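Trainee: Provided below: run_29.pdb, containing PDB, C-alpha atoms.
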```pdb
ATOM      1  CA  MET A   1    -216.599 -92.120 148.962  1.00  0.00           C
ATOM      2  CA  TRP A   2    -219.316 -93.040 151.467  1.00  0.00           C
ATOM      3  CA  ALA A   3    -222.867 -91.896 150.832  1.00  0.00           C
ATOM      4  CA  VAL A   4    -224.350 -89.849 153.650  1.00  0.00           C
ATOM      5  CA  LYS A   5    -227.791 -91.053 154.676  1.00  0.00           C
ATOM      6  CA  GLU A   6    -230.269 -88.202 154.897  1.00  0.00           C
ATOM      7  CA  GLU A   7    -231.764 -87.709 158.329  1.00  0.00           C
ATOM      8  CA  VAL A   8    -235.479 -87.273 158.941  1.00  0.00           C
ATOM      9  CA  ARG A   9    -237.782 -86.391 161.814  1.00  0.00           C
ATOM     10  CA  LEU A  10    -240.551 -88.748 162.865  1.00  0.00           C
ATOM     11  CA  THR A  11    -243.305 -87.366 165.065  1.00  0.00           C
ATOM     12  CA  ALA A  12    -245.694 -90.036 166.321  1.00  0.00           C
ATOM     13  CA  TRP A  13    -248.757 -89.726 168.528  1.00  0.00           C
ATOM     14  CA  VAL A  14    -249.462 -92.993 170.336  1.00  0.00           C
ATOM     15  CA  SER A  15    -252.863 -93.621 171.879  1.00  0.00           C
ATOM     16  CA  GLY A  16    -254.126 -96.400 174.109  1.00  0.00           C
ATOM     17  CA  ARG A  17    -253.022 -97.299 177.623  1.00  0.00           C
ATOM     18  CA  VAL A  18    -249.556 -95.768 177.240  1.00  0.00           C
ATOM     19  CA  GLN A  19    -249.189 -93.552 180.317  1.00  0.00           C
ATOM     20  CA  GLY A  20    -248.076 -94.895 183.693  1.00  0.00           C
ATOM     21  CA  VAL A  21    -246.953 -98.246 182.256  1.00  0.00           C
ATOM     22  CA  GLY A  22    -243.289 -97.586 181.361  1.00  0.00           C
ATOM     23  CA  PHE A  23    -244.048 -96.835 177.711  1.00  0.00           C
ATOM     24  CA  ARG A  24    -241.855 -93.715 177.511  1.00  0.00           C
ATOM     25  CA  TRP A  25    -238.903 -95.492 179.146  1.00  0.00           C
ATOM     26  CA  TRP A  26    -239.311 -98.473 176.807  1.00  0.00           C
ATOM     27  CA  THR A  27    -239.478 -96.089 173.813  1.00  0.00           C
ATOM     28  CA  ARG A  28    -236.317 -94.306 174.999  1.00  0.00           C
ATOM     29  CA  CYS A  29    -234.432 -97.624 175.249  1.00  0.00           C
ATOM     30  CA  ARG A  30    -235.496 -98.706 171.733  1.00  0.00           C
ATOM     31  CA  ALA A  31    -234.625 -95.284 170.264  1.00  0.00           C
ATOM     32  CA  LEU A  32    -231.173 -95.274 171.857  1.00  0.00           C
ATOM     33  CA  GLU A  33    -230.523 -98.800 170.555  1.00  0.00           C
ATOM     34  CA  LEU A  34    -231.286 -97.442 167.061  1.00  0.00           C
ATOM     35  CA  GLY A  35    -229.053 -94.397 167.521  1.00  0.00           C
ATOM     36  CA  LEU A  36    -231.936 -91.916 167.388  1.00  0.00           C
ATOM     37  CA  ARG A  37    -232.191 -88.544 169.105  1.00  0.00           C
ATOM     38  CA  GLY A  38    -235.378 -87.025 170.470  1.00  0.00           C
ATOM     39  CA  HIS A  39    -237.912 -87.442 173.255  1.00  0.00           C
ATOM     40  CA  ALA A  40    -241.162 -89.049 174.359  1.00  0.00           C
ATOM     41  CA  ALA A  41    -243.655 -86.994 176.356  1.00  0.00           C
ATOM     42  CA  ASN A  42    -247.036 -87.580 177.967  1.00  0.00           C
ATOM     43  CA  LEU A  43    -249.825 -85.413 176.578  1.00  0.00           C
ATOM     44  CA  ALA A  44    -252.786 -84.141 178.628  1.00  0.00           C
ATOM     45  CA  ASP A  45    -255.237 -86.189 176.518  1.00  0.00           C
ATOM     46  CA  GLY A  46    -253.601 -89.516 177.485  1.00  0.00           C
ATOM     47  CA  ARG A  47    -251.469 -89.978 174.365  1.00  0.00           C
ATOM     48  CA  VAL A  48    -247.680 -90.076 174.199  1.00  0.00           C
ATOM     49  CA  GLN A  49    -245.899 -87.929 171.629  1.00  0.00           C
ATOM     50  CA  VAL A  50    -242.637 -89.355 170.286  1.00  0.00           C
ATOM     51  CA  VAL A  51    -240.204 -87.155 168.352  1.00  0.00           C
ATOM     52  CA  ALA A  52    -237.200 -88.946 166.857  1.00  0.00           C
ATOM     53  CA  GLU A  53    -234.487 -87.895 164.433  1.00  0.00           C
ATOM     54  CA  GLY A  54    -232.059 -90.123 162.588  1.00  0.00           C
ATOM     55  CA  THR A  55    -231.916 -92.102 159.379  1.00  0.00           C
ATOM     56  CA  LYS A  56    -235.243 -92.942 157.747  1.00  0.00           C
ATOM     57  CA  ASP A  57    -234.519 -96.655 158.157  1.00  0.00           C
ATOM     58  CA  HIS A  58    -233.964 -96.352 161.912  1.00  0.00           C
ATOM     59  CA  CYS A  59    -237.015 -94.106 162.368  1.00  0.00           C
ATOM     60  CA  GLU A  60    -239.132 -96.644 160.442  1.00  0.00           C
ATOM     61  CA  GLN A  61    -237.825 -99.389 162.739  1.00  0.00           C
ATOM     62  CA  LEU A  62    -238.851 -97.351 165.790  1.00  0.00           C
ATOM     63  CA  LEU A  63    -242.301 -96.740 164.296  1.00  0.00           C
ATOM     64  CA  SER A  64    -242.693-100.466 163.713  1.00  0.00           C
ATOM     65  CA  LEU A  65    -241.722-101.140 167.344  1.00  0.00           C
ATOM     66  CA  LEU A  66    -244.223 -98.545 168.582  1.00  0.00           C
ATOM     67  CA  ARG A  67    -246.959-100.423 166.705  1.00  0.00           C
ATOM     68  CA  SER A  68    -245.834-103.868 167.891  1.00  0.00           C
ATOM     69  CA  SER A  69    -247.321-105.872 170.738  1.00  0.00           C
ATOM     70  CA  SER A  70    -243.935-105.863 172.510  1.00  0.00           C
ATOM     71  CA  SER A  71    -244.442-102.373 173.968  1.00  0.00           C
ATOM     72  CA  PRO A  72    -245.700-102.011 177.546  1.00  0.00           C
ATOM     73  CA  GLY A  73    -249.329-101.096 178.045  1.00  0.00           C
ATOM     74  CA  ARG A  74    -251.669-101.248 175.080  1.00  0.00           C
ATOM     75  CA  VAL A  75    -251.242 -99.328 171.838  1.00  0.00           C
ATOM     76  CA  ASP A  76    -254.540 -98.685 170.048  1.00  0.00           C
ATOM     77  CA  ASN A  77    -253.327 -96.311 167.354  1.00  0.00           C
ATOM     78  CA  VAL A  78    -250.209 -94.556 166.103  1.00  0.00           C
ATOM     79  CA  VAL A  79    -250.469 -91.445 163.942  1.00  0.00           C
ATOM     80  CA  GLU A  80    -247.233 -90.511 162.219  1.00  0.00           C
ATOM     81  CA  ARG A  81    -245.864 -87.396 160.571  1.00  0.00           C
ATOM     82  CA  TRP A  82    -242.597 -87.263 158.623  1.00  0.00           C
ATOM     83  CA  SER A  83    -240.543 -84.123 158.067  1.00  0.00           C
ATOM     84  CA  ALA A  84    -236.978 -82.989 157.478  1.00  0.00           C
ATOM     85  CA  ALA A  85    -234.654 -83.264 160.467  1.00  0.00           C
ATOM     86  CA  GLU A  86    -234.476 -79.992 162.383  1.00  0.00           C
ATOM     87  CA  GLY A  87    -231.477 -80.823 164.568  1.00  0.00           C
ATOM     88  CA  GLY A  88    -230.937 -79.466 168.059  1.00  0.00           C
ATOM     89  CA  LEU A  89    -231.720 -82.808 169.720  1.00  0.00           C
ATOM     90  CA  GLU A  90    -229.203 -84.646 171.894  1.00  0.00           C
ATOM     91  CA  GLY A  91    -229.705 -88.106 173.314  1.00  0.00           C
ATOM     92  CA  PHE A  92    -233.230 -89.352 173.884  1.00  0.00           C
ATOM     93  CA  GLU A  93    -235.283 -88.080 176.829  1.00  0.00           C
TER      94      GLU A  93
END
```
Would you encode the structure as structure tokens?
Mentor:
Amino acid sequence: MWAVKEEVRLTAWVSGRVQGVGFRWWTRCRALELGLRGHAANLADGRVQVVAEGTKDHCEQLLSLLRSSSSPGRVDNVVERWSAAEGGLEGFE
């Protein structure tokens, strides 16, 4: 019998020069490659909020990518919050 991997929700607030540089599109591509569901949205204060659900391993990989120098723009800080998956997300917007 196969073990079912528990799903989690990662909410990350990314600050720096992350709006108007393709950061959300890049995040969407990485999340879809990892099989995650969720969205990335610009916030009024200049940050981008990323909400992703999937396995903990895949969410941790996305978080690592968000903090890497390979993202467009410039990431100064990433604040993360982990919680139980809530469901209701399809694809990655």
Trainee: Please report the interatomic distance between atom CA of Phe23 of chain A and atom CA of Gln61 of chain A in Å with one decimal.
Mentor: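 Atom-to-atom, atom CA of Phe23 of chain A and atom CA of Gln61 of chain A are spaced 16.4 Å apart.
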Trainee: Hey, which of A:Ser71, A:Gln19, A:Thr11, A:Ser64 ends up closest to Leu43 of chain A? Count all atoms listed in the file.
Mentor: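 Checking each candidate against Leu43 of chain A, we get A:Gln19 as the closest.
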Trainee: Give the centre and edge lengths of an axis-aligned box, in Å to one decimal, that holds all listed atoms of segment 26-29 of chain A with 3 Å on each side, as AutoDock Vina command-line options.
Mentor:
```
--center_x -237.0 --center_y -96.4 --center_z 175.3 --size_x 11.0 --size_y 10.2 --size_z 9.0
```
Trainee: Suppose a student applies the PyMOL selection byres ((chain A and resi 56) around 8) to this structure; what residues should they get, written as a PyMOL selection string?
Mentor: chain A and resi 6-8+54-55+57-60
Trainee: What's the 12 Å shell around Gly88 of chain A, counting only C-alpha atoms, without same-chain residues fewer than 5 positions away, as a PDB file with C-alpha atoms, in the coordinates of the input?
Mentor:
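selection.pdb, freshly written:
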```
ATOM      1  CA  ARG A   9    -237.782 -86.391 161.814  1.00  0.00           C
ATOM      2  CA  ARG A  37    -232.191 -88.544 169.105  1.00  0.00           C
ATOM      3  CA  GLY A  38    -235.378 -87.025 170.470  1.00  0.00           C
ATOM      4  CA  HIS A  39    -237.912 -87.442 173.255  1.00  0.00           C
ATOM      5  CA  ALA A  52    -237.200 -88.946 166.857  1.00  0.00           C
ATOM      6  CA  GLU A  53    -234.487 -87.895 164.433  1.00  0.00           C
TER       7      GLU A  53
END
```
Trainee: Find, counting all atoms listed in the file, the residue in A:Leu63, A:Gly91, A:Trp13, A:Pro72 that gets nearest to Trp25 of chain A.
Mentor: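 Comparing A:Leu63, A:Gly91, A:Trp13, A:Pro72 against Trp25 of chain A, the winner is A:Pro72.
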Trainee: Given the choices A:Leu65, A:Val75, A:Val48, A:Ala40, which gets closest to Gly16 of chain A if the distance is worked out from only C-alpha atoms?
Mentor: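 Among the listed residues, A:Val75 lies closest to Gly16 of chain A.
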Trainee: From the options A:Arg47, A:Ser83, A:Leu62, A:Ser15, which residue's atoms come nearest to Thr27 of chain A, counting all atoms listed in the file?
Mentor: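 Smallest separation from Thr27 of chain A among the options: A:Leu62.
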Trainee: Between atom CA of Glu93 of chain A and atom CA of Leu32 of chain A, what is the spacing in Å?
Mentor: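 Between atom CA of Leu32 of chain A and atom CA of Glu93 of chain A the gap is 9.7 Å.
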Trainee: Which one is closest to Cys29 of chain A: A:Phe92, A:Ala44, A:Val51, A:Arg74? Count only C-alpha atoms.
Mentor: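 Comparing A:Phe92, A:Ala44, A:Val51, A:Arg74 against Cys29 of chain A, the winner is A:Phe92.
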Trainee: Taking all atoms listed in the file into account, which of A:Arg67, A:Gly46, A:Glu90, A:Val78 comes nearest Val21 of chain A?
Mentor: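 Nearest candidate to Val21 of chain A out of A:Arg67, A:Gly46, A:Glu90, A:Val78: A:Gly46.
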Trainee: Go ahead and compute the interatomic distance for atom CA of Ser70 of chain A and atom CA of Ala84 of chain A, in Å to one decimal.
Mentor: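 Taking atom CA of Ser70 of chain A as the start and atom CA of Ala84 of chain A as the end point, the length is 28.2 Å.
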Trainee: I need the output of the PyMOL selection byres ((chain A and resi 81) around 8) for this file as an MDAnalysis selection string; which residues are they?
Mentor: chainID A and resid 10:12 79:80 82:83
